[in-house]
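Notes follow once the structure below has been shown.
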Amino acid sequence: MKILILTASTGGGHKSAAAALMDTIQKTDSDTIVEIEDGLKYCGKLYNKLICNGYVVLATKTPSLYGKLYKVSDRKSTINSLCNNINNREGKKLISLFEKKKPDVVISCHAFVTTMLAMLKRKNKISVPVISLITDFAPHRTYFAPGIDAYVTSNENMLEEIESYNIISADKIYSFGIPIADKFYKTQDKEQIANELGFDINKPTVLLMSGSFGVSEVLDFYESLMLTDVDCQCIVITGHNKKLYNEFKKYLSNPDVSQKPTRLFGFITNIEEYMHFSDLVVTKPGGLTVSESLACALPMAIYNAIPGQENENAQYLINENVAVSLNDAKSGGQQIAKLIKNMEKLNTMRENCKKIRKLNSALNIFRLAQNLVEKSQNKKKI
């Protein structure tokens, strides 16, 4: 069997989900061929740049405008129709990809790519099964179109709203969760990690992470936390944001500012170790980061949610009592300190994470793909 996974460069979540899915499939069945392609790139440089760069600009420079566009396009509207029309036009360019790759099943990790594939299915330009993977914790109308064989959602709470769209039937929805790497589910040797970090295994640990767009607010929350009287230790991960890394390094080298035991990292590949070691993560509510935190049973303090999908992710997490929302940096440190001091609340949040996290997401999606391919091939034999 050959599986084609289509992503897009609008944030890192789509690619991370695709990579985790491919890794699990290859470990499960070495005979299955898996390829990942950026679907929007096949639609031409102009369209890809418009969508990807436009998303980054709107989400980071004019988030309120992005939030309004997100809401308007989530209902029957001129903008929603315009998006569908443009995607239907651009989707024809994906035919060459299918002729080249000849997949048995396709998994889409982006709403616009899903719209294109649905159009190609309805027009009989492609005949293979298509699975749409929703990488957030709330649905959006642009994901849904007749022609898609199955939708994978992050949680069951999305079902009612999806049904209200009156676009697809409930039997096409599978709440398997967002695929993440298996390592996030595996317990870690906390004593070993404590020794590596030079930390006290019995002292509360706060993990602070910047977002994929290089947001710097995490430094403000860290500075605010340093001014509190809470006895904790911190792990800071800035990812690819070298500017933020250098700002933290400068702050930590200043002997005149209040500090708590802190380890600073840039981009790392063993983040799951620090998630399992920590008692609280300060992070943006992106779909993949949230899924990884839930897998590690790690309570979240979320900040700077982008109006739109991140706001809805945040609301879901707060409703499920696995996260708190931080206010401005001035009071954010006090919020974090208050939560760290309340281990009973943290333990409750940790148990709630375990209740709503999804195990074996990638494996379940692979089994779903196998079943759809088998049904498709049986139909062709009739």
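A note on labels: chains of the structure tokens are A, B, ... as shown, every chain counts residues from 1, and ligands are counted from 1 in their shown order.
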
**Request:** Using DSSP on the backbone coordinates, identify the residues of stretch 119-313 of chain A assigned to alpha helix (DSSP H); present them as an NGL selection string.
**Result:** :A and (119-122 or 159-164 or 190-197 or 217-226 or 242-252 or 271-277 or 287-295 or 309-313)

**Request:** Excluding stretch 355-372 of chain A and any residue of its chain fewer than 5 positions from it, enumerate the residues within 6 Å of it, using only C-alpha atoms, and give them as a VMD selection string.
**Result:** chain A and resid 21 176 to 177 179 294 to 295

**Message:** Neighbouring residues of A:Val105 were defined as those with any atom within 8 Å, considering only C-alpha atoms; residues of the same chain fewer than 6 positions away were excluded. Please report them as a VMD selection string.
**Reply:** chain A and resid 2 to 4 128 to 131 369 372 to 373

Selection from above, C-alpha atoms, as an mmCIF file, in the first residue's frame, can you write it?
data_model
loop_
_atom_site.group_PDB
_atom_site.id
_atom_site.type_symbol
_atom_site.label_atom_id
_atom_site.label_comp_id
_atom_site.auth_asym_id
_atom_site.auth_seq_id
_atom_site.Cartn_x
_atom_site.Cartn_y
_atom_site.Cartn_z
ATOM 1 C CA LYS A 2 1.176 3.503 -0.777
ATOM 2 C CA ILE A 3 0.092 6.435 1.398
ATOM 3 C CA LEU A 4 0.467 10.072 0.369
ATOM 4 C CA VAL A 128 -8.593 6.851 -4.091
ATOM 5 C CA PRO A 129 -9.885 7.257 -0.513
ATOM 6 C CA VAL A 130 -9.145 10.590 1.177
ATOM 7 C CA ILE A 131 -8.803 11.161 4.925
ATOM 8 C CA ALA A 369 -6.499 4.022 5.909
ATOM 9 C CA LEU A 372 -10.709 2.388 3.366
ATOM 10 C CA VAL A 373 -8.262 1.037 0.789
#

**Asked** Can you tell me, as a ChimeraX atom specification, what residues are no more than 12 Å from A:Ser96 when counting only C-alpha atoms, ignoring any on the same chain fewer than 2 positions away?
**Response** /A:39,42-43,91-94,98-102,120,125-126

Closest-contact table, stretch 263-351 of chain A side, partner stretch 134-151 of chain A, 8 Å, counting only C-alpha atoms, as JSON lines:
{"residue": "A:Gly286", "atom": "CA", "partner": "A:Asp136", "partner_atom": "CA", "distance": 7.4}
{"residue": "A:Gly287", "atom": "CA", "partner": "A:Asp136", "partner_atom": "CA", "distance": 4.6}
{"residue": "A:Leu288", "atom": "CA", "partner": "A:Thr135", "partner_atom": "CA", "distance": 7.1}
{"residue": "A:Gln309", "atom": "CA", "partner": "A:Asp136", "partner_atom": "CA", "distance": 6.7}
{"residue": "A:Glu310", "atom": "CA", "partner": "A:Asp136", "partner_atom": "CA", "distance": 7.9}
{"residue": "A:Glu312", "atom": "CA", "partner": "A:Ala138", "partner_atom": "CA", "distance": 6.1}
{"residue": "A:Asn313", "atom": "CA", "partner": "A:Phe137", "partner_atom": "CA", "distance": 5.1}
{"residue": "A:Tyr316", "atom": "CA", "partner": "A:Phe137", "partner_atom": "CA", "distance": 6.9}

**Fill in**
Of A:Phe112, A:Tyr47, A:Phe199, A:Phe221, the one sitting nearest A:Thr262 when using only C-alpha atoms is A:Phe199
